[in-house]
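Report on one structure; see the data block that follows.
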Amino acid sequence: MNIEKFFAKRNSGIEWSGIRIMFALADKIDGVINLGIGQPDFDTPVHIRDAAKEGLDQGFTRYPPASGFLDLREAVAKKVETENKIKADPDSEIFISVGAMQGIFNVMLHLVNPGDEVIVVDPGYDYYSQIRLFGGVPIRVKAKEENQFKINPEDVRKAITPKTKVIILNTPSNPTGAVFDRKILEQIADLCKQHEIMVLSDEPYEHILFDGKEHVSIGSLEGMKDLTISIYTLSKSYAMTGWRVGYVVANKAIIAEMEKLMEHMVSGVTAVAQRAALAAISGSQDCVKHMVERYAKRRELVYTGLNSLQGISCIKPESTFYAFPNISSFGMSSWDFAKYMVKEHKVAMVPGSIFGENGEGFVRISFATSSENLEKALGRIEQGIARI
Ligand SMILES: Cc1ncc(COP(=O)(O)O)c(C=O)c1O
């Protein structure tokens, strides 16, 4: 029987994540060093875990409010005001989501009509399935290597049509580690105001910055508060990928729509996970600082190591725990290069083409793993290159 005949037509727009396909390949090979993983290798800090344990004993075992506990939303309001320079009412302008992912999904569901154009940065994080699921049309704006993978607002301007509804920005950026400077964001903000385009600003790596780089939240720029949906997560900053807690800051009408959907979808974010999130946001931020210091050392190792390899060049990432080296000199597609490295030399990495057609010729290497692993992996890549 053809079970697929029962599937809704909209599902055809969704694809398996390429990262998942790569990992399935890596899992079959013994002794692989996985540089593909997009999550911190650290454990969630103790004070955060303790708060969840206390939460269990305090009875946080029942349905939470659909938009999150008020004390957590209040802590978020303080954080976004001091750190992101966005003033938001905890009662109506903040929503606690199941990680950044469900925040993005929820927003897309509410905003995108069939035929609406959504501008995305290419190479950039894969938002394509979420856009297509609702009939949206992704419009790519290239982030060029020669511009350190920062987009040119002029290219954004050219991509705007009467059908443009949303632009998705992700700075600091996965997979390139680029941070869009204030000036770039100001110019994009002007375009959004002029054409009334909503910005979905996905900011999971806001804290993982190097060399004193500044992170600017576009929602803080003049006249952008109502035109920005800012998405944050605890996943990367606090090594909390498995807790599934994020938050969204937006105009109250948008937050109300999100809350409505949340009721029907998952009824809210797990209560004890919210207690952990409260401890993370309102507690000492030293743990974040320590993790970033470790990433900074590894970044140095990876950046120097990759650039010392014949045929590879790599821009120094300004943020995140990813490097995005150029491997085009080998004349192989990024998939072929990544498959070769995992099968023959036991190093897993993510093909750049997963991040859009302009990611072709690059691979993403995560340095969210020990320096020892990174050194070993660089040695293996060197051997692999010598045999191409
Ligand atoms: C750019 C970007 N957005 C969203 C997410 C999803 O994060 P979360 O774990 O909060 O759902 C990730 C995770 O890798 C990411 O890199």
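Chains: A, B, ... in order of the structure tokens. Residues: from 1 per chain. Ligands: from 1, in order shown.
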Restrict the calculation to only C-alpha atoms and all ligand atoms, then for each residue of chain A with any atom at most 7 Å from an atom of ligand 1 give the closest atom pair and their distance in Å to one decimal, rows by chain and rising residue number, as JSON lines.
{"residue": "A:Gly38", "atom": "CA", "partner": "ligand 1", "partner_atom_place_in_ligand_line": "14 (O)", "distance": 5.4}
{"residue": "A:Gln39", "atom": "CA", "partner": "ligand 1", "partner_atom_place_in_ligand_line": "14 (O)", "distance": 6.8}
{"residue": "A:Val98", "atom": "CA", "partner": "ligand 1", "partner_atom_place_in_ligand_line": "11 (O)", "distance": 6.8}
{"residue": "A:Gly99", "atom": "CA", "partner": "ligand 1", "partner_atom_place_in_ligand_line": "10 (O)", "distance": 3.5}
{"residue": "A:Ala100", "atom": "CA", "partner": "ligand 1", "partner_atom_place_in_ligand_line": "10 (O)", "distance": 3.6}
{"residue": "A:Met101", "atom": "CA", "partner": "ligand 1", "partner_atom_place_in_ligand_line": "11 (O)", "distance": 3.8}
{"residue": "A:Gln102", "atom": "CA", "partner": "ligand 1", "partner_atom_place_in_ligand_line": "11 (O)", "distance": 6.6}
{"residue": "A:Tyr125", "atom": "CA", "partner": "ligand 1", "partner_atom_place_in_ligand_line": "1 (C)", "distance": 5.3}
{"residue": "A:Asn170", "atom": "CA", "partner": "ligand 1", "partner_atom_place_in_ligand_line": "1 (C)", "distance": 5.9}
{"residue": "A:Ser173", "atom": "CA", "partner": "ligand 1", "partner_atom_place_in_ligand_line": "1 (C)", "distance": 6.5}
{"residue": "A:Asn174", "atom": "CA", "partner": "ligand 1", "partner_atom_place_in_ligand_line": "1 (C)", "distance": 5.2}
{"residue": "A:Asp202", "atom": "CA", "partner": "ligand 1", "partner_atom_place_in_ligand_line": "3 (N)", "distance": 5.9}
{"residue": "A:Glu203", "atom": "CA", "partner": "ligand 1", "partner_atom_place_in_ligand_line": "1 (C)", "distance": 6.9}
{"residue": "A:Pro204", "atom": "CA", "partner": "ligand 1", "partner_atom_place_in_ligand_line": "2 (C)", "distance": 5.8}
{"residue": "A:Thr233", "atom": "CA", "partner": "ligand 1", "partner_atom_place_in_ligand_line": "10 (O)", "distance": 4.5}
{"residue": "A:Leu234", "atom": "CA", "partner": "ligand 1", "partner_atom_place_in_ligand_line": "10 (O)", "distance": 6.5}
{"residue": "A:Ser235", "atom": "CA", "partner": "ligand 1", "partner_atom_place_in_ligand_line": "9 (O)", "distance": 4.9}
{"residue": "A:Thr241", "atom": "CA", "partner": "ligand 1", "partner_atom_place_in_ligand_line": "9 (O)", "distance": 5.0}
{"residue": "A:Arg244", "atom": "CA", "partner": "ligand 1", "partner_atom_place_in_ligand_line": "9 (O)", "distance": 6.2}
{"residue": "A:Val245", "atom": "CA", "partner": "ligand 1", "partner_atom_place_in_ligand_line": "10 (O)", "distance": 6.5}
{"residue": "A:Gly246", "atom": "CA", "partner": "ligand 1", "partner_atom_place_in_ligand_line": "10 (O)", "distance": 5.6}
Go ahead and save the picked residues with C-alpha atoms, as a PDB file, in the first residue's frame.
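Okay, part-v5.pdb is ready:
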ATOM      1  CA  GLY A  38      26.600  22.255  15.979  1.00  0.00           C
ATOM      2  CA  GLN A  39      26.387  22.031  19.723  1.00  0.00           C
ATOM      3  CA  VAL A  98      10.929  25.264  22.412  1.00  0.00           C
ATOM      4  CA  GLY A  99      14.388  26.454  21.432  1.00  0.00           C
ATOM      5  CA  ALA A 100      14.951  28.922  18.639  1.00  0.00           C
ATOM      6  CA  MET A 101      13.678  26.341  16.176  1.00  0.00           C
ATOM      7  CA  GLN A 102      10.073  26.290  17.304  1.00  0.00           C
ATOM      8  CA  TYR A 125      21.483  28.526   8.134  1.00  0.00           C
ATOM      9  CA  ASN A 170      21.311  35.398  11.426  1.00  0.00           C
ATOM     10  CA  SER A 173      26.175  33.675  11.481  1.00  0.00           C
ATOM     11  CA  ASN A 174      26.110  29.924  11.184  1.00  0.00           C
ATOM     12  CA  ASP A 202      17.778  34.713  14.626  1.00  0.00           C
ATOM     13  CA  GLU A 203      20.497  35.356  17.234  1.00  0.00           C
ATOM     14  CA  PRO A 204      21.545  32.037  18.847  1.00  0.00           C
ATOM     15  CA  THR A 233      17.986  30.504  22.604  1.00  0.00           C
ATOM     16  CA  LEU A 234      19.764  29.102  25.631  1.00  0.00           C
ATOM     17  CA  SER A 235      21.117  26.225  23.536  1.00  0.00           C
ATOM     18  CA  THR A 241      20.768  22.209  23.443  1.00  0.00           C
ATOM     19  CA  ARG A 244      14.890  23.070  24.355  1.00  0.00           C
ATOM     20  CA  VAL A 245      14.333  26.574  25.662  1.00  0.00           C
ATOM     21  CA  GLY A 246      14.454  29.768  23.644  1.00  0.00           C
TER      22      GLY A 246
END
Using only C-alpha atoms, what does the table of region 6-104 of chain A residues within 10 Å of region 288-298 of chain A look like, with each row giving the shortest atom pair and its distance in Å to one decimal, sorted by chain and ascending number, as a tab-separated table?
residue	atom	partner	partner_atom	distance
A:Pro40	CA	A:Met291	CA	8.8
A:Asp41	CA	A:Met291	CA	9.7
A:Phe42	CA	A:Met291	CA	7.8
A:Pro45	CA	A:Val288	CA	9.2
Based on the selection just made, write C-alpha atoms of those residues as a PDB file, in the first residue's frame.
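Printed below is selection-v6.pdb as written:
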ATOM      1  CA  PRO A  40      28.673  22.864  22.648  1.00  0.00           C
ATOM      2  CA  ASP A  41      30.686  19.918  23.967  1.00  0.00           C
ATOM      3  CA  PHE A  42      30.406  21.299  27.521  1.00  0.00           C
ATOM      4  CA  PRO A  45      26.657  24.420  34.179  1.00  0.00           C
TER       5      PRO A  45
END
Proximity to Val166 (chain A) - best of A:Asn251, A:Gln148, A:Thr228, A:Gln187, only C-alpha atoms: A:Thr228
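Put simply, CA of Ile388 (chain A) is 24.2 Å away from CA of Glu145 (chain A).
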Selection: 12 Å around Trp243 (chain A), only C-alpha atoms, excl. self and same-chain fewer than 5 positions, as an MDAnalysis selection string: chainID A and resid 43:44 48:49 52 97:100 233:236 238 269:277 280
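Going from CA of Glu257 (chain A) over to CA of His195 (chain A), you cover 23.1 Å.
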Which of region 87-205 of chain A fall in strand (DSSP E), as an MDAnalysis selection string: chainID A and resid 94:97 117:122 137:142 164:169 198:202
Within 10 Å of Ile168 (chain A) using only C-alpha atoms, minus same-chain residues under 6 positions, as a VMD selection string: chain A and resid 104 118 to 121 124 to 125 127 138 198 to 202 228 to 229
Exercise: Ser12 (chain A) partners within 9 Å, only C-alpha atoms, chain neighbours under 5 positions left out, as a ChimeraX atom specification: /A:7,132-133
Residue list (helix (DSSP H, G or I), DSSP) for region 142-326 of chain A, as a PyMOL selection string: chain A and resi 145-147+153-159+182-195+218-220+225-227+252-265+271-282+286-307
Selection to disk with C-alpha atoms, as a PDB file, in the first residue's frame:
ATOM      1  CA  GLU A 145      33.762  35.394   0.861  1.00  0.00           C
ATOM      2  CA  GLU A 146      35.607  38.539  -0.233  1.00  0.00           C
ATOM      3  CA  ASN A 147      33.312  40.522   2.112  1.00  0.00           C
ATOM      4  CA  PRO A 153      22.695  45.928   1.861  1.00  0.00           C
ATOM      5  CA  GLU A 154      22.707  46.919  -1.817  1.00  0.00           C
ATOM      6  CA  ASP A 155      22.204  43.227  -2.734  1.00  0.00           C
ATOM      7  CA  VAL A 156      19.327  43.090  -0.269  1.00  0.00           C
ATOM      8  CA  ARG A 157      17.784  46.153  -1.911  1.00  0.00           C
ATOM      9  CA  LYS A 158      17.969  44.468  -5.319  1.00  0.00           C
ATOM     10  CA  ALA A 159      16.260  41.356  -3.971  1.00  0.00           C
ATOM     11  CA  ARG A 182      26.054  47.974  12.919  1.00  0.00           C
ATOM     12  CA  LYS A 183      26.321  49.927   9.673  1.00  0.00           C
ATOM     13  CA  ILE A 184      25.126  46.978   7.574  1.00  0.00           C
ATOM     14  CA  LEU A 185      22.207  46.414   9.915  1.00  0.00           C
ATOM     15  CA  GLU A 186      21.290  50.096   9.889  1.00  0.00           C
ATOM     16  CA  GLN A 187      21.136  50.067   6.102  1.00  0.00           C
ATOM     17  CA  ILE A 188      19.016  46.911   6.067  1.00  0.00           C
ATOM     18  CA  ALA A 189      16.783  48.449   8.740  1.00  0.00           C
ATOM     19  CA  ASP A 190      16.240  51.492   6.510  1.00  0.00           C
ATOM     20  CA  LEU A 191      15.179  49.212   3.643  1.00  0.00           C
ATOM     21  CA  CYS A 192      12.778  47.324   5.905  1.00  0.00           C
ATOM     22  CA  LYS A 193      11.190  50.542   7.131  1.00  0.00           C
ATOM     23  CA  GLN A 194      10.911  51.922   3.617  1.00  0.00           C
ATOM     24  CA  HIS A 195       9.297  48.753   2.187  1.00  0.00           C
ATOM     25  CA  ILE A 218      18.539  44.841  14.679  1.00  0.00           C
ATOM     26  CA  GLY A 219      15.412  45.134  16.839  1.00  0.00           C
ATOM     27  CA  SER A 220      17.221  47.772  18.910  1.00  0.00           C
ATOM     28  CA  LYS A 225      10.997  47.394  17.297  1.00  0.00           C
ATOM     29  CA  ASP A 226       7.674  46.599  15.628  1.00  0.00           C
ATOM     30  CA  LEU A 227       9.340  45.383  12.446  1.00  0.00           C
ATOM     31  CA  LYS A 252       2.355  42.039  21.167  1.00  0.00           C
ATOM     32  CA  ALA A 253       0.010  41.092  18.311  1.00  0.00           C
ATOM     33  CA  ILE A 254       2.619  38.676  16.990  1.00  0.00           C
ATOM     34  CA  ILE A 255       3.284  37.248  20.448  1.00  0.00           C
ATOM     35  CA  ALA A 256      -0.481  36.708  20.935  1.00  0.00           C
ATOM     36  CA  GLU A 257      -0.637  34.764  17.649  1.00  0.00           C
ATOM     37  CA  MET A 258       2.324  32.655  18.747  1.00  0.00           C
ATOM     38  CA  GLU A 259       0.695  31.917  22.087  1.00  0.00           C
ATOM     39  CA  LYS A 260      -2.513  30.828  20.352  1.00  0.00           C
ATOM     40  CA  LEU A 261      -0.628  28.375  18.182  1.00  0.00           C
ATOM     41  CA  MET A 262       1.465  27.137  21.110  1.00  0.00           C
ATOM     42  CA  GLU A 263      -1.729  26.044  22.904  1.00  0.00           C
ATOM     43  CA  HIS A 264      -2.664  23.836  19.990  1.00  0.00           C
ATOM     44  CA  MET A 265       0.823  22.658  19.220  1.00  0.00           C
ATOM     45  CA  ALA A 271       8.165  23.468  33.211  1.00  0.00           C
ATOM     46  CA  VAL A 272      11.476  22.341  34.779  1.00  0.00           C
ATOM     47  CA  ALA A 273      13.399  23.352  31.676  1.00  0.00           C
ATOM     48  CA  GLN A 274      12.007  26.851  32.225  1.00  0.00           C
ATOM     49  CA  ARG A 275      13.326  26.792  35.827  1.00  0.00           C
ATOM     50  CA  ALA A 276      16.768  25.928  34.446  1.00  0.00           C
ATOM     51  CA  ALA A 277      16.440  28.758  31.922  1.00  0.00           C
ATOM     52  CA  LEU A 278      15.562  31.210  34.691  1.00  0.00           C
ATOM     53  CA  ALA A 279      18.715  30.240  36.609  1.00  0.00           C
ATOM     54  CA  ALA A 280      20.797  30.565  33.444  1.00  0.00           C
ATOM     55  CA  ILE A 281      19.534  34.003  32.501  1.00  0.00           C
ATOM     56  CA  SER A 282      19.373  35.550  35.958  1.00  0.00           C
ATOM     57  CA  ASP A 286      30.833  33.616  34.284  1.00  0.00           C
ATOM     58  CA  CYS A 287      30.057  30.188  32.824  1.00  0.00           C
ATOM     59  CA  VAL A 288      29.370  31.770  29.425  1.00  0.00           C
ATOM     60  CA  LYS A 289      32.605  33.730  29.620  1.00  0.00           C
ATOM     61  CA  HIS A 290      34.608  30.586  30.411  1.00  0.00           C
ATOM     62  CA  MET A 291      33.115  28.623  27.530  1.00  0.00           C
ATOM     63  CA  VAL A 292      33.777  31.485  25.098  1.00  0.00           C
ATOM     64  CA  GLU A 293      37.406  31.630  26.291  1.00  0.00           C
ATOM     65  CA  ARG A 294      37.756  27.954  25.440  1.00  0.00           C
ATOM     66  CA  TYR A 295      36.178  28.457  21.991  1.00  0.00           C
ATOM     67  CA  ALA A 296      38.556  31.351  21.369  1.00  0.00           C
ATOM     68  CA  LYS A 297      41.613  29.125  21.955  1.00  0.00           C
ATOM     69  CA  ARG A 298      40.218  26.430  19.684  1.00  0.00           C
ATOM     70  CA  ARG A 299      39.377  28.996  17.020  1.00  0.00           C
ATOM     71  CA  GLU A 300      43.048  30.007  16.935  1.00  0.00           C
ATOM     72  CA  LEU A 301      44.084  26.377  16.597  1.00  0.00           C
ATOM     73  CA  VAL A 302      41.632  25.632  13.778  1.00  0.00           C
ATOM     74  CA  TYR A 303      42.217  28.888  11.914  1.00  0.00           C
ATOM     75  CA  THR A 304      46.012  28.520  11.957  1.00  0.00           C
ATOM     76  CA  GLY A 305      45.863  24.784  11.305  1.00  0.00           C
ATOM     77  CA  LEU A 306      43.514  25.043   8.305  1.00  0.00           C
ATOM     78  CA  ASN A 307      45.414  27.890   6.689  1.00  0.00           C
TER      79      ASN A 307
END
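The two atoms in question, CA of Lys28 (chain A) and CA of Val342 (chain A), are spaced 10.1 Å apart.
Ranking A:Phe23, A:Lys87, A:Phe355, A:Gln383 by their shortest atom-to-atom distance to Leu35 (chain A), with only C-alpha atoms included, puts A:Phe23 first.
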Using only C-alpha atoms, determine which residues lie at most 10 Å from Asn84 (chain A), disregarding the query and same-chain residues fewer than 5 positions distant; provide the list as a tab-separated table (two decimals) with C-alpha atoms, in the first residue's frame.
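What landed in around-v8.tsv:
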chain	number	residue	atom	x	y	z
A	77	ALA	CA	12.84	41.38	29.64
A	78	LYS	CA	15.74	42.52	31.85
A	79	LYS	CA	18.28	40.65	29.76
A	206	GLU	CA	24.89	36.38	20.42
A	215	HIS	CA	26.77	42.05	18.49
A	216	VAL	CA	23.99	44.39	17.40
A	217	SER	CA	20.36	43.29	17.60
A	218	ILE	CA	18.54	44.84	14.68
A	219	GLY	CA	15.41	45.13	16.84
A	220	SER	CA	17.22	47.77	18.91
A	230	SER	CA	14.04	38.65	17.63
